[in-house]
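Undergrad: Contents of upload.tsv (TSV, C-alpha atoms) are below:
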```
chain	number	residue	atom	x	y	z
A	5	MET	CA	0.00	0.00	0.00
A	6	MET	CA	1.53	3.32	-1.12
A	7	LYS	CA	0.78	6.29	1.15
A	8	ILE	CA	0.39	9.36	-1.05
A	9	GLY	CA	-0.14	12.89	0.28
A	10	TYR	CA	-1.84	15.68	-1.67
A	11	ASP	CA	-2.06	19.45	-1.48
A	12	ALA	CA	-5.85	19.66	-1.10
A	13	LYS	CA	-6.32	23.40	-0.61
A	14	ARG	CA	-7.93	23.89	-4.00
A	15	ILE	CA	-9.80	20.59	-3.82
A	16	VAL	CA	-11.89	22.05	-0.99
A	17	ARG	CA	-11.91	25.70	-2.10
A	18	ASN	CA	-11.97	26.00	-5.91
A	19	ALA	CA	-15.15	25.07	-7.77
A	20	THR	CA	-13.48	24.84	-11.19
A	21	GLY	CA	-9.99	24.79	-12.69
A	22	LEU	CA	-7.36	23.54	-10.24
A	23	GLY	CA	-10.01	22.30	-7.83
A	24	SER	CA	-11.72	20.24	-10.49
A	25	TYR	CA	-8.39	18.77	-11.55
A	26	GLY	CA	-7.59	17.64	-8.01
A	27	ARG	CA	-11.03	16.20	-7.22
A	28	THR	CA	-11.26	14.28	-10.49
A	29	LEU	CA	-7.75	12.86	-10.19
A	30	VAL	CA	-8.16	11.80	-6.56
A	31	ASN	CA	-11.52	10.15	-7.27
A	32	ASP	CA	-10.08	8.23	-10.21
A	33	LEU	CA	-6.96	7.15	-8.27
A	34	ALA	CA	-9.05	6.06	-5.29
A	35	GLN	CA	-10.64	3.34	-7.39
A	36	ARG	CA	-7.27	1.69	-7.95
A	37	THR	CA	-5.89	-0.84	-5.51
A	38	GLY	CA	-2.72	-0.28	-3.52
A	39	LEU	CA	-3.11	3.46	-2.94
A	40	GLU	CA	-3.83	5.23	0.33
A	41	LEU	CA	-4.68	8.88	-0.39
A	42	HIS	CA	-4.18	11.56	2.26
A	43	LEU	CA	-5.56	15.03	1.48
A	44	TYR	CA	-3.94	17.94	3.36
A	45	SER	CA	-5.82	21.23	3.51
A	46	PRO	CA	-5.29	24.38	5.64
A	47	ASP	CA	-9.02	24.37	6.46
A	48	GLU	CA	-12.20	22.44	5.74
A	49	GLY	CA	-13.09	24.68	2.79
A	50	ARG	CA	-16.51	24.32	1.20
A	51	SER	CA	-18.67	21.38	2.21
A	52	ASP	CA	-20.15	21.07	-1.29
A	53	LEU	CA	-16.67	20.70	-2.82
A	54	ARG	CA	-15.49	18.25	-0.15
A	55	GLY	CA	-18.65	16.31	-0.91
A	56	GLN	CA	-17.49	15.78	-4.48
A	57	VAL	CA	-14.61	13.65	-3.18
A	58	LEU	CA	-15.63	10.00	-2.91
A	59	GLU	CA	-16.20	8.58	0.57
A	60	ARG	CA	-13.82	5.64	0.54
A	61	GLU	CA	-11.69	3.93	3.12
A	62	ASN	CA	-8.51	4.81	1.24
A	63	ILE	CA	-9.21	8.59	1.26
A	64	SER	CA	-8.73	10.77	4.34
A	65	PHE	CA	-8.60	14.53	4.96
A	66	HIS	CA	-6.03	16.19	7.25
A	67	LEU	CA	-5.95	19.70	8.77
A	68	PRO	CA	-2.87	21.46	10.24
A	69	SER	CA	-1.57	19.93	13.43
A	70	THR	CA	-2.20	21.83	16.64
A	71	THR	CA	1.57	22.30	17.10
A	72	PHE	CA	1.71	24.69	14.12
A	73	HIS	CA	1.33	28.17	15.60
A	74	LEU	CA	1.80	30.39	12.54
A	75	PRO	CA	-1.17	31.46	10.35
A	76	ARG	CA	-2.65	28.50	8.50
A	77	SER	CA	-2.04	30.27	5.20
A	78	LEU	CA	1.69	29.58	5.75
A	79	TRP	CA	1.26	25.92	6.72
A	80	ARG	CA	1.29	24.54	3.17
A	81	THR	CA	4.69	26.15	2.55
A	82	TRP	CA	6.41	26.03	5.94
A	83	GLY	CA	4.62	23.60	8.26
A	84	ILE	CA	3.22	20.63	6.40
A	85	VAL	CA	6.40	18.57	6.07
A	86	SER	CA	6.43	17.55	9.74
A	87	ASP	CA	2.81	16.37	9.39
A	88	LEU	CA	3.69	14.32	6.31
A	89	ARG	CA	6.55	12.64	8.16
A	90	ARG	CA	4.34	11.96	11.18
A	91	ASP	CA	1.78	10.25	8.94
A	92	GLY	CA	4.34	8.12	7.11
A	93	ILE	CA	3.67	9.69	3.70
A	94	GLN	CA	5.95	8.15	1.06
A	95	LEU	CA	5.22	10.55	-1.80
A	96	TYR	CA	3.67	14.02	-1.85
A	97	HIS	CA	1.86	15.38	-4.92
A	98	GLY	CA	1.54	19.14	-5.28
A	99	LEU	CA	-1.57	19.41	-7.42
A	100	SER	CA	-1.34	23.14	-8.18
A	101	GLY	CA	2.28	23.93	-9.01
A	102	GLU	CA	3.58	24.26	-5.44
A	103	LEU	CA	5.61	22.18	-2.98
A	104	PRO	CA	6.47	22.95	0.65
A	105	VAL	CA	9.92	24.16	1.61
A	106	GLY	CA	12.13	21.37	2.99
A	107	LEU	CA	10.25	18.50	1.36
A	108	HIS	CA	13.25	17.27	-0.61
A	109	ASN	CA	15.47	17.06	2.49
A	110	SER	CA	12.77	15.14	4.39
A	111	GLY	CA	13.28	12.00	2.33
A	112	ILE	CA	9.70	12.09	1.04
A	113	LYS	CA	9.47	11.70	-2.73
A	114	SER	CA	7.56	14.38	-4.62
A	115	VAL	CA	5.62	15.08	-7.78
A	116	VAL	CA	4.25	18.47	-8.78
A	117	THR	CA	1.65	19.21	-11.45
A	118	ILE	CA	2.36	22.45	-13.29
A	119	HIS	CA	-0.66	23.69	-15.21
A	120	ASP	CA	0.78	26.78	-16.84
A	121	LEU	CA	3.43	29.49	-16.57
A	122	ILE	CA	1.25	32.34	-17.74
A	123	PHE	CA	2.64	34.58	-14.99
A	124	LEU	CA	6.04	34.30	-16.69
A	125	ARG	CA	4.88	34.12	-20.30
A	126	HIS	CA	2.34	36.96	-19.97
A	127	PRO	CA	3.07	38.93	-16.77
A	128	GLU	CA	0.90	41.79	-18.07
A	129	TYR	CA	-2.16	39.87	-16.85
A	130	TYR	CA	-0.98	39.92	-13.21
A	131	HIS	CA	-0.10	42.40	-10.50
A	132	TRP	CA	3.68	42.81	-10.49
A	133	LEU	CA	3.97	41.58	-6.90
A	134	ASP	CA	2.00	38.43	-7.68
A	135	THR	CA	4.34	37.61	-10.56
A	136	LYS	CA	7.32	37.87	-8.18
A	137	ILE	CA	5.68	35.56	-5.64
A	138	TYR	CA	4.57	33.03	-8.26
A	139	ALA	CA	8.02	33.05	-9.88
A	140	TRP	CA	9.71	32.41	-6.52
A	141	LYS	CA	7.36	29.52	-5.75
A	142	PHE	CA	7.91	28.04	-9.22
A	143	ARG	CA	11.70	28.10	-8.99
A	144	GLN	CA	11.65	26.78	-5.43
A	145	THR	CA	9.34	23.97	-6.54
A	146	ILE	CA	11.58	23.04	-9.47
A	147	ARG	CA	14.45	22.66	-7.00
A	148	GLU	CA	12.43	20.59	-4.52
A	149	THR	CA	10.60	18.15	-6.77
A	150	ASP	CA	11.66	14.72	-7.94
A	151	HIS	CA	9.39	14.85	-10.98
A	152	ILE	CA	7.07	17.23	-12.81
A	153	ILE	CA	3.74	16.52	-14.47
A	154	ALA	CA	2.96	19.02	-17.24
A	155	VAL	CA	-0.68	19.09	-18.36
A	156	SER	CA	0.24	19.76	-22.00
A	157	GLU	CA	3.17	19.78	-24.40
A	158	ARG	CA	2.87	23.58	-24.44
A	159	THR	CA	3.34	23.72	-20.68
A	160	LYS	CA	6.27	21.30	-20.87
A	161	ARG	CA	8.01	23.55	-23.38
A	162	ASP	CA	7.40	26.56	-21.11
A	163	ILE	CA	8.85	24.74	-18.08
A	164	ILE	CA	12.00	23.87	-20.02
A	165	GLU	CA	12.38	27.32	-21.58
A	166	LEU	CA	11.40	29.51	-18.64
A	167	GLY	CA	12.50	27.28	-15.76
A	168	GLY	CA	15.53	25.55	-17.19
A	169	ALA	CA	14.19	22.16	-16.07
A	170	ASP	CA	15.66	18.94	-17.46
A	171	GLN	CA	13.10	17.46	-19.84
A	172	ARG	CA	13.87	13.99	-18.44
A	173	ARG	CA	12.21	15.11	-15.20
A	174	ILE	CA	8.98	16.10	-16.97
A	175	THR	CA	6.11	13.84	-18.04
A	176	VAL	CA	3.11	15.13	-19.97
A	177	ILE	CA	-0.09	13.72	-18.48
A	178	TYR	CA	-3.24	15.44	-19.67
A	179	GLN	CA	-6.13	16.42	-17.44
A	180	SER	CA	-9.40	14.53	-17.35
A	181	CYS	CA	-12.83	15.99	-16.70
A	182	SER	CA	-15.57	14.80	-14.41
A	183	PRO	CA	-17.74	12.00	-15.86
A	184	ARG	CA	-20.87	14.06	-15.17
A	185	PHE	CA	-20.23	15.94	-18.42
A	186	GLY	CA	-20.84	12.81	-20.45
A	187	ALA	CA	-24.60	12.84	-19.77
A	188	GLN	CA	-25.80	14.68	-22.87
A	189	ARG	CA	-29.50	14.27	-22.15
A	190	THR	CA	-29.55	16.56	-19.13
A	191	GLN	CA	-32.90	18.32	-18.94
A	192	ARG	CA	-33.17	22.06	-19.54
A	193	GLY	CA	-35.05	22.47	-16.27
A	194	GLN	CA	-31.87	21.72	-14.35
A	195	ALA	CA	-30.05	24.70	-15.90
A	196	PRO	CA	-30.54	28.42	-15.19
A	197	LEU	CA	-33.07	30.01	-17.53
A	198	CYS	CA	-31.34	30.60	-20.87
A	199	PRO	CA	-32.36	31.57	-24.43
A	200	ALA	CA	-33.59	28.89	-26.81
A	201	ARG	CA	-30.39	29.15	-28.88
A	202	TYR	CA	-27.07	30.05	-27.31
A	203	ILE	CA	-23.32	29.85	-27.60
A	204	LEU	CA	-21.70	28.90	-24.30
A	205	SER	CA	-18.41	29.92	-22.72
A	206	VAL	CA	-17.21	28.76	-19.28
A	207	GLY	CA	-14.23	30.10	-17.34
A	208	SER	CA	-12.93	33.04	-15.36
A	209	ILE	CA	-14.10	36.30	-16.92
A	210	GLU	CA	-10.76	38.05	-17.20
A	211	GLU	CA	-8.72	39.87	-19.82
A	212	ARG	CA	-6.65	36.84	-20.79
A	213	LYS	CA	-9.76	34.73	-21.38
A	214	ASN	CA	-10.78	37.25	-24.05
A	215	ILE	CA	-14.55	36.65	-24.00
A	216	LEU	CA	-15.01	40.11	-25.54
A	217	LEU	CA	-14.02	38.52	-28.86
A	218	ALA	CA	-17.16	36.35	-28.76
A	219	VAL	CA	-19.28	39.41	-27.99
A	220	LYS	CA	-17.77	41.20	-30.99
A	221	ALA	CA	-18.66	38.19	-33.16
A	222	LEU	CA	-22.39	38.41	-32.35
A	223	PRO	CA	-23.33	41.01	-35.03
A	224	TYR	CA	-22.10	38.57	-37.71
A	225	LEU	CA	-24.30	35.74	-36.40
A	226	PRO	CA	-28.07	35.05	-36.57
A	227	GLU	CA	-30.05	37.50	-34.45
A	228	ASP	CA	-31.71	34.75	-32.40
A	229	LEU	CA	-28.34	33.29	-31.35
A	230	HIS	CA	-27.24	34.49	-27.90
A	231	LEU	CA	-24.02	34.23	-25.87
A	232	VAL	CA	-24.14	32.77	-22.35
A	233	VAL	CA	-20.99	33.27	-20.26
A	234	VAL	CA	-20.41	31.39	-17.00
A	235	GLY	CA	-17.82	32.75	-14.56
A	236	ARG	CA	-17.21	34.91	-11.52
A	237	HIS	CA	-17.59	38.68	-11.76
A	238	THR	CA	-14.40	40.71	-12.30
A	239	THR	CA	-13.54	44.22	-13.45
A	240	TYR	CA	-13.18	42.76	-16.95
A	241	THR	CA	-16.83	41.67	-16.73
A	242	ASP	CA	-17.78	45.35	-16.57
A	243	LYS	CA	-15.69	46.05	-19.67
A	244	VAL	CA	-17.54	43.31	-21.53
A	245	THR	CA	-21.01	44.44	-20.47
A	246	ASP	CA	-20.18	48.09	-21.23
A	247	TYR	CA	-19.11	47.13	-24.75
A	248	ALA	CA	-22.30	45.11	-25.26
A	249	GLN	CA	-24.44	48.02	-24.09
A	250	ARG	CA	-22.68	50.57	-26.32
A	251	HIS	CA	-23.08	48.35	-29.37
A	252	GLY	CA	-26.68	47.30	-28.79
A	253	LEU	CA	-25.81	43.70	-27.90
A	254	SER	CA	-26.91	43.53	-24.25
A	255	HIS	CA	-30.09	41.63	-25.15
A	256	ARG	CA	-27.95	38.87	-26.68
A	257	LEU	CA	-25.49	38.53	-23.79
A	258	GLN	CA	-26.23	36.68	-20.55
A	259	ILE	CA	-23.55	36.42	-17.85
A	260	LEU	CA	-24.13	33.87	-15.10
A	261	HIS	CA	-22.35	33.95	-11.75
A	262	GLY	CA	-22.65	31.33	-9.03
A	263	VAL	CA	-23.65	28.44	-11.29
A	264	THR	CA	-23.75	25.27	-9.18
A	265	ASP	CA	-21.93	22.06	-9.91
A	266	GLU	CA	-25.27	20.40	-10.66
A	267	GLN	CA	-26.36	23.12	-13.11
A	268	LEU	CA	-23.20	23.28	-15.22
A	269	PRO	CA	-23.63	19.99	-17.16
A	270	ALA	CA	-27.15	21.08	-18.11
A	271	LEU	CA	-25.84	24.38	-19.48
A	272	TYR	CA	-23.39	22.48	-21.66
A	273	ALA	CA	-25.99	19.98	-22.79
A	274	GLN	CA	-28.47	22.62	-24.00
A	275	ALA	CA	-25.97	24.88	-25.79
A	276	GLU	CA	-25.44	24.90	-29.55
A	277	VAL	CA	-21.72	25.74	-29.72
A	278	PHE	CA	-18.93	26.16	-27.18
A	279	VAL	CA	-16.42	29.00	-27.55
A	280	TYR	CA	-13.14	29.42	-25.71
A	281	PRO	CA	-11.38	32.53	-27.07
A	282	SER	CA	-8.56	32.57	-24.48
A	283	ARG	CA	-5.27	34.13	-25.54
A	284	TYR	CA	-3.18	31.72	-23.49
A	285	GLU	CA	-3.85	28.54	-21.50
A	286	GLY	CA	-1.93	25.68	-19.98
A	287	PHE	CA	-4.59	23.22	-21.12
A	288	GLY	CA	-8.25	24.30	-21.27
A	289	ILE	CA	-10.38	21.72	-19.44
A	290	PRO	CA	-13.72	23.41	-20.38
A	291	ILE	CA	-13.04	22.36	-23.98
A	292	ILE	CA	-12.92	18.71	-22.88
A	293	GLU	CA	-16.12	19.17	-20.85
A	294	ALA	CA	-17.85	20.69	-23.88
A	295	ILE	CA	-16.80	17.89	-26.24
A	296	HIS	CA	-17.90	15.24	-23.74
A	297	SER	CA	-21.24	17.08	-23.63
A	298	GLY	CA	-21.67	16.76	-27.39
A	299	LEU	CA	-20.75	20.30	-28.44
A	300	PRO	CA	-18.61	21.53	-31.32
A	301	VAL	CA	-15.84	23.85	-30.16
A	302	VAL	CA	-14.40	27.11	-31.49
A	303	ALA	CA	-11.23	28.26	-29.73
A	304	CYS	CA	-8.21	30.46	-30.39
A	305	THR	CA	-4.69	29.85	-31.61
A	306	GLY	CA	-1.53	30.77	-29.74
A	307	SER	CA	-1.23	28.33	-26.84
A	308	CYS	CA	-2.27	24.74	-26.18
A	309	LEU	CA	-5.95	24.76	-27.09
A	310	GLU	CA	-5.36	22.68	-30.22
A	311	GLU	CA	-3.99	19.96	-27.93
A	312	ALA	CA	-7.19	19.97	-25.88
A	313	GLY	CA	-9.69	20.28	-28.72
A	314	GLY	CA	-7.99	18.18	-31.38
A	315	PRO	CA	-8.08	18.54	-35.16
A	316	ASP	CA	-11.86	18.68	-35.55
A	317	SER	CA	-12.44	21.73	-33.39
A	318	LEU	CA	-11.99	25.11	-35.08
A	319	TYR	CA	-9.37	27.73	-34.16
A	320	VAL	CA	-9.14	31.41	-35.00
A	321	SER	CA	-6.89	34.33	-34.15
A	322	PRO	CA	-7.70	35.84	-30.72
A	323	ASP	CA	-8.23	39.23	-32.42
A	324	ASP	CA	-10.41	38.10	-35.35
A	325	ALA	CA	-14.10	38.64	-34.50
A	326	GLU	CA	-15.30	37.99	-38.05
A	327	GLY	CA	-13.17	34.84	-38.17
A	328	MET	CA	-14.75	33.61	-34.96
A	329	ALA	CA	-18.22	34.29	-36.32
A	330	ALA	CA	-17.39	32.41	-39.52
A	331	ALA	CA	-16.13	29.43	-37.51
A	332	ILE	CA	-19.26	29.42	-35.34
A	333	ARG	CA	-21.49	29.45	-38.43
A	334	GLN	CA	-19.69	26.31	-39.67
A	335	VAL	CA	-20.84	24.32	-36.64
A	336	LEU	CA	-24.34	25.63	-35.90
A	337	ARG	CA	-27.16	23.09	-35.82
A	338	GLY	CA	-27.97	22.05	-39.37
A	339	ALA	CA	-24.52	22.95	-40.72
A	340	GLU	CA	-22.96	20.35	-43.00
A	341	GLY	CA	-20.44	18.14	-41.20
A	342	ARG	CA	-21.34	19.35	-37.69
A	343	GLN	CA	-22.21	15.91	-36.31
A	344	GLN	CA	-19.14	14.32	-37.86
A	345	ARG	CA	-16.93	16.94	-36.21
A	346	ILE	CA	-18.52	16.23	-32.84
A	347	GLU	CA	-18.12	12.47	-33.18
A	348	ARG	CA	-14.48	12.69	-34.26
A	349	SER	CA	-13.74	15.11	-31.42
A	350	GLN	CA	-15.33	12.72	-28.93
A	351	THR	CA	-13.06	9.97	-30.20
A	352	TYR	CA	-10.07	12.30	-29.82
A	353	VAL	CA	-10.81	13.23	-26.19
A	354	LYS	CA	-10.99	9.60	-25.08
A	355	ARG	CA	-7.29	10.06	-24.30
A	356	PHE	CA	-8.38	12.34	-21.45
A	357	LEU	CA	-10.66	9.78	-19.78
A	358	GLY	CA	-10.09	9.58	-16.03
A	359	GLY	CA	-9.09	5.92	-15.88
A	360	ASP	CA	-6.32	6.37	-18.42
A	361	VAL	CA	-5.02	9.54	-16.74
A	362	ALA	CA	-5.09	7.88	-13.30
A	363	SER	CA	-3.17	4.89	-14.64
A	364	GLN	CA	-0.41	7.14	-15.94
A	365	VAL	CA	-0.18	9.02	-12.63
A	366	ALA	CA	-0.17	5.80	-10.58
A	367	ASP	CA	2.55	4.34	-12.82
A	368	LEU	CA	4.64	7.45	-12.18
A	369	TYR	CA	4.19	7.04	-8.40
A	370	HIS	CA	5.31	3.40	-8.63
A	371	HIS	CA	8.34	4.37	-10.69
A	372	LEU	CA	9.47	7.06	-8.26
A	373	LEU	CA	9.01	4.88	-5.20
A	374	SER	CA	10.82	1.94	-6.76
A	375	ASP	CA	14.02	4.02	-6.79
A	376	LYS	CA	14.64	3.19	-10.41
A	377	PRO	CA	17.07	5.56	-12.16
```
Please render this file's structure as structure tokens.
TA:
Amino acid sequence: MMKIGYDAKRIVRNATGLGSYGRTLVNDLAQRTGLELHLYSPDEGRSDLRGQVLERENISFHLPSTTFHLPRSLWRTWGIVSDLRRDGIQLYHGLSGELPVGLHNSGIKSVVTIHDLIFLRHPEYYHWLDTKIYAWKFRQTIRETDHIIAVSERTKRDIIELGGADQRRITVIYQSCSPRFGAQRTQRGQAPLCPARYILSVGSIEERKNILLAVKALPYLPEDLHLVVVGRHTTYTDKVTDYAQRHGLSHRLQILHGVTDEQLPALYAQAEVFVYPSRYEGFGIPIIEAIHSGLPVVACTGSCLEEAGGPDSLYVSPDDAEGMAAAIRQVLRGAEGRQQRIERSQTYVKRFLGGDVASQVADLYHHLLSDKP
């Protein structure tokens, strides 16, 4: 029985993105024999997110020990190693690009998943102080870790170029999405009230995600086709809504905040097209969710989105509104070849199924703990 520890902060706090990655991976690994999974979190987080983790005998949650007297926010970096040693953890997996200081010297093996290096590749999207902190954590993690999981070939290239890491220490293992997105017959009643015909986009509403491009594409599309955007409110949200208002598009734009985990699959299932106009991503898990839900995808060039969506999704420049509209028209209901694109894309994303991803991760654990060169 291998005792594996995990950084579970985002598992219990983040509804999408890094949290989804951690919950899906842990659930898939828990169904394999020979693994004892210990989830370490600075607090209990959200009960609804903890509830998405399977209740199994080989999964347990851990909070900071009572002997740690500094703020809990520092525990993941400076205090957790003693808890890992106390619990007999053999290997620790940093699920969100971070490892605690001193882990390497503790004798505990380590793996870290790095999702992206956008803070180094495009620092203009971050506060300058945040980029300094993230860069320090990244370089410290590269020094500490025994092995790196990159979620895409694009991210692997960034780690080598921007971090100077030896490519022999990096394995590309793609993300998987929750199996709930495979149920394409979800009823409309389970989703928030939406227009009869809509394009869907899911993700943080921020400058880098570039959802304004999809808004700018609306005038070139049928008048009854709307855009539904799911994500938390940011200052960029105001920029998007202001543009829509000034150009007479507000009636065709619906922005949804606080969508529940139960509602999201229904939103995918009832949409007509999925768009993901991000300028830069480490992977792009919403694309996989959309394809599993039976949607054609239109995304942007310039990062790794072609890896996620495969050759039968469509890709346009992140500054080409007319090009995005033209791509969307190619995959609307009734368009020639639409269903064939969807079916071929669903075949392509089988490589991201949870069982296959979990097998690759478990094999990596075995390799590291076997002390093979």
Undergrad: Would you mind reading off the distance between CA of Leu67 (chain A) and CA of Glu40 (chain A), one decimal, in Å?
TA: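 Going from CA of Leu67 (chain A) over to CA of Glu40 (chain A) covers 16.9 Å.
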Undergrad: Distance CA of Tyr130 (chain A)-CA of Glu285 (chain A), one decimal place?
TA: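 Atom-to-atom, CA of Tyr130 (chain A) to CA of Glu285 (chain A), that is 14.4 Å.
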Undergrad: Looking at all atoms listed in the file, which of A:Leu133, A:Ala294, A:Ala12, A:Ala19 is the one that sits closest to Leu43 (chain A)?
TA: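 Residue with the minimum atom-to-atom distance to Leu43 (chain A): A:Ala12.
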Undergrad: With only C-alpha atoms as the atoms that count, which of A:Leu253, A:Ile153, A:Ile15, A:Ile291 lies nearest to Leu225 (chain A)?
TA: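 Checking each of A:Leu253, A:Ile153, A:Ile15, A:Ile291 against Leu225 (chain A), counting only C-alpha atoms, the winner is A:Leu253.
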Undergrad: If you take only C-alpha atoms and a cut-off of 8 Å, which residues of region 200-301 of chain A touch region 319-335 of chain A, and what are their nearest atom pairs and distances in Å to one decimal, in chain and number order, as JSON lines?
TA:
```
{"residue": "A:Asn214", "atom": "CA", "partner": "A:Pro322", "partner_atom": "CA", "distance": 7.5}
{"residue": "A:Leu217", "atom": "CA", "partner": "A:Ala325", "partner_atom": "CA", "distance": 5.6}
{"residue": "A:Ala218", "atom": "CA", "partner": "A:Ala325", "partner_atom": "CA", "distance": 6.9}
{"residue": "A:Lys220", "atom": "CA", "partner": "A:Ala325", "partner_atom": "CA", "distance": 5.7}
{"residue": "A:Ala221", "atom": "CA", "partner": "A:Ala325", "partner_atom": "CA", "distance": 4.8}
{"residue": "A:Leu222", "atom": "CA", "partner": "A:Ala329", "partner_atom": "CA", "distance": 7.1}
{"residue": "A:Tyr224", "atom": "CA", "partner": "A:Ala329", "partner_atom": "CA", "distance": 5.9}
{"residue": "A:Leu225", "atom": "CA", "partner": "A:Ala329", "partner_atom": "CA", "distance": 6.3}
{"residue": "A:Val277", "atom": "CA", "partner": "A:Val335", "partner_atom": "CA", "distance": 7.1}
{"residue": "A:Pro281", "atom": "CA", "partner": "A:Pro322", "partner_atom": "CA", "distance": 6.1}
{"residue": "A:Ser282", "atom": "CA", "partner": "A:Pro322", "partner_atom": "CA", "distance": 7.1}
{"residue": "A:Arg283", "atom": "CA", "partner": "A:Pro322", "partner_atom": "CA", "distance": 6.0}
{"residue": "A:Pro300", "atom": "CA", "partner": "A:Val335", "partner_atom": "CA", "distance": 6.4}
```
Undergrad: Tell me, in Å to one decimal, how far CA of Gln94 (chain A) is from CA of Leu368 (chain A).
TA: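 Interatomic distance, CA of Gln94 (chain A) to CA of Leu368 (chain A): 13.3 Å.
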Undergrad: Which one of A:His371, A:Arg89, A:Arg17, A:Lys136 sits closest to Ser51 (chain A) if you count only C-alpha atoms?
TA: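 When distances to Ser51 (chain A) are compared using only C-alpha atoms, the smallest one comes from A:Arg17.
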Undergrad: Would you please work out which residue, of A:Val219, A:Ile295, A:Ile93, A:Val105, is nearest to Thr81 (chain A) when using only C-alpha atoms?
TA: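 Between A:Val219, A:Ile295, A:Ile93, A:Val105, the residue approaching Thr81 (chain A) most closely is A:Val105.
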Undergrad: Using only C-alpha atoms, which protein or nucleic acid residues come within 9 Å of region 199-202 of chain A? Drop anything in the same chain fewer than 4 positions from it, and give the result as a CSV table (one decimal) with C-alpha atoms, in the coordinates of the input.
TA:
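File result-v8.csv, as written:
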```csv
chain,number,residue,atom,x,y,z
A,228,ASP,CA,-31.7,34.8,-32.4
A,229,LEU,CA,-28.3,33.3,-31.4
A,230,HIS,CA,-27.2,34.5,-27.9
A,231,LEU,CA,-24.0,34.2,-25.9
A,232,VAL,CA,-24.1,32.8,-22.4
A,256,ARG,CA,-28.0,38.9,-26.7
A,258,GLN,CA,-26.2,36.7,-20.6
A,274,GLN,CA,-28.5,22.6,-24.0
A,275,ALA,CA,-26.0,24.9,-25.8
A,276,GLU,CA,-25.4,24.9,-29.6
A,277,VAL,CA,-21.7,25.7,-29.7
```
Undergrad: Using all atoms listed in the file, which of A:Cys308, A:Ile289, A:Cys198, A:Ile164 sits nearest Leu22 (chain A)?
TA: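 Ranking A:Cys308, A:Ile289, A:Cys198, A:Ile164 by distance to Leu22 (chain A), first place goes to A:Ile289.
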Undergrad: With all atoms listed in the file as the basis for distance, which of A:Val206, A:Ile84, A:Cys181, A:Leu121 is at the shortest distance from Arg143 (chain A)?
TA: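 So, comparing all the options, the nearest one is A:Leu121.
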Undergrad: Just add N, CA, C and O atoms to region 199-208 of chain A and send it as a short mmCIF file (atom, residue, chain, number, x, y, z; two decimals), in the coordinates of the input.
TA:
```
data_model
loop_
_atom_site.label_atom_id
_atom_site.label_comp_id
_atom_site.auth_asym_id
_atom_site.auth_seq_id
_atom_site.Cartn_x
_atom_site.Cartn_y
_atom_site.Cartn_z
N PRO A 199 -31.65 31.45 -23.15
CA PRO A 199 -32.36 31.57 -24.43
C PRO A 199 -32.50 30.21 -25.11
O PRO A 199 -31.80 29.24 -24.77
N ALA A 200 -33.37 30.14 -26.09
CA ALA A 200 -33.59 28.89 -26.81
C ALA A 200 -32.34 28.46 -27.58
O ALA A 200 -32.02 27.27 -27.66
N ARG A 201 -31.62 29.44 -28.14
CA ARG A 201 -30.39 29.15 -28.88
C ARG A 201 -29.25 29.97 -28.27
O ARG A 201 -29.35 31.20 -28.18
N TYR A 202 -28.18 29.28 -27.88
CA TYR A 202 -27.07 30.05 -27.31
C TYR A 202 -25.73 29.36 -27.53
O TYR A 202 -25.62 28.15 -27.62
N ILE A 203 -24.72 30.24 -27.64
CA ILE A 203 -23.32 29.85 -27.60
C ILE A 203 -22.92 29.90 -26.13
O ILE A 203 -23.32 30.81 -25.41
N LEU A 204 -22.11 28.95 -25.69
CA LEU A 204 -21.70 28.90 -24.30
C LEU A 204 -20.20 29.12 -24.16
O LEU A 204 -19.41 28.65 -24.99
N SER A 205 -19.81 29.83 -23.10
CA SER A 205 -18.41 29.92 -22.72
C SER A 205 -18.32 29.81 -21.20
O SER A 205 -19.12 30.41 -20.48
N VAL A 206 -17.37 29.01 -20.72
CA VAL A 206 -17.21 28.76 -19.28
C VAL A 206 -15.76 29.05 -18.89
O VAL A 206 -14.83 28.59 -19.55
N GLY A 207 -15.58 29.81 -17.82
CA GLY A 207 -14.23 30.10 -17.34
C GLY A 207 -14.18 31.45 -16.66
O GLY A 207 -15.15 32.24 -16.72
N SER A 208 -13.08 31.74 -16.00
CA SER A 208 -12.93 33.04 -15.36
C SER A 208 -13.11 34.17 -16.38
O SER A 208 -12.58 34.09 -17.49
#
```
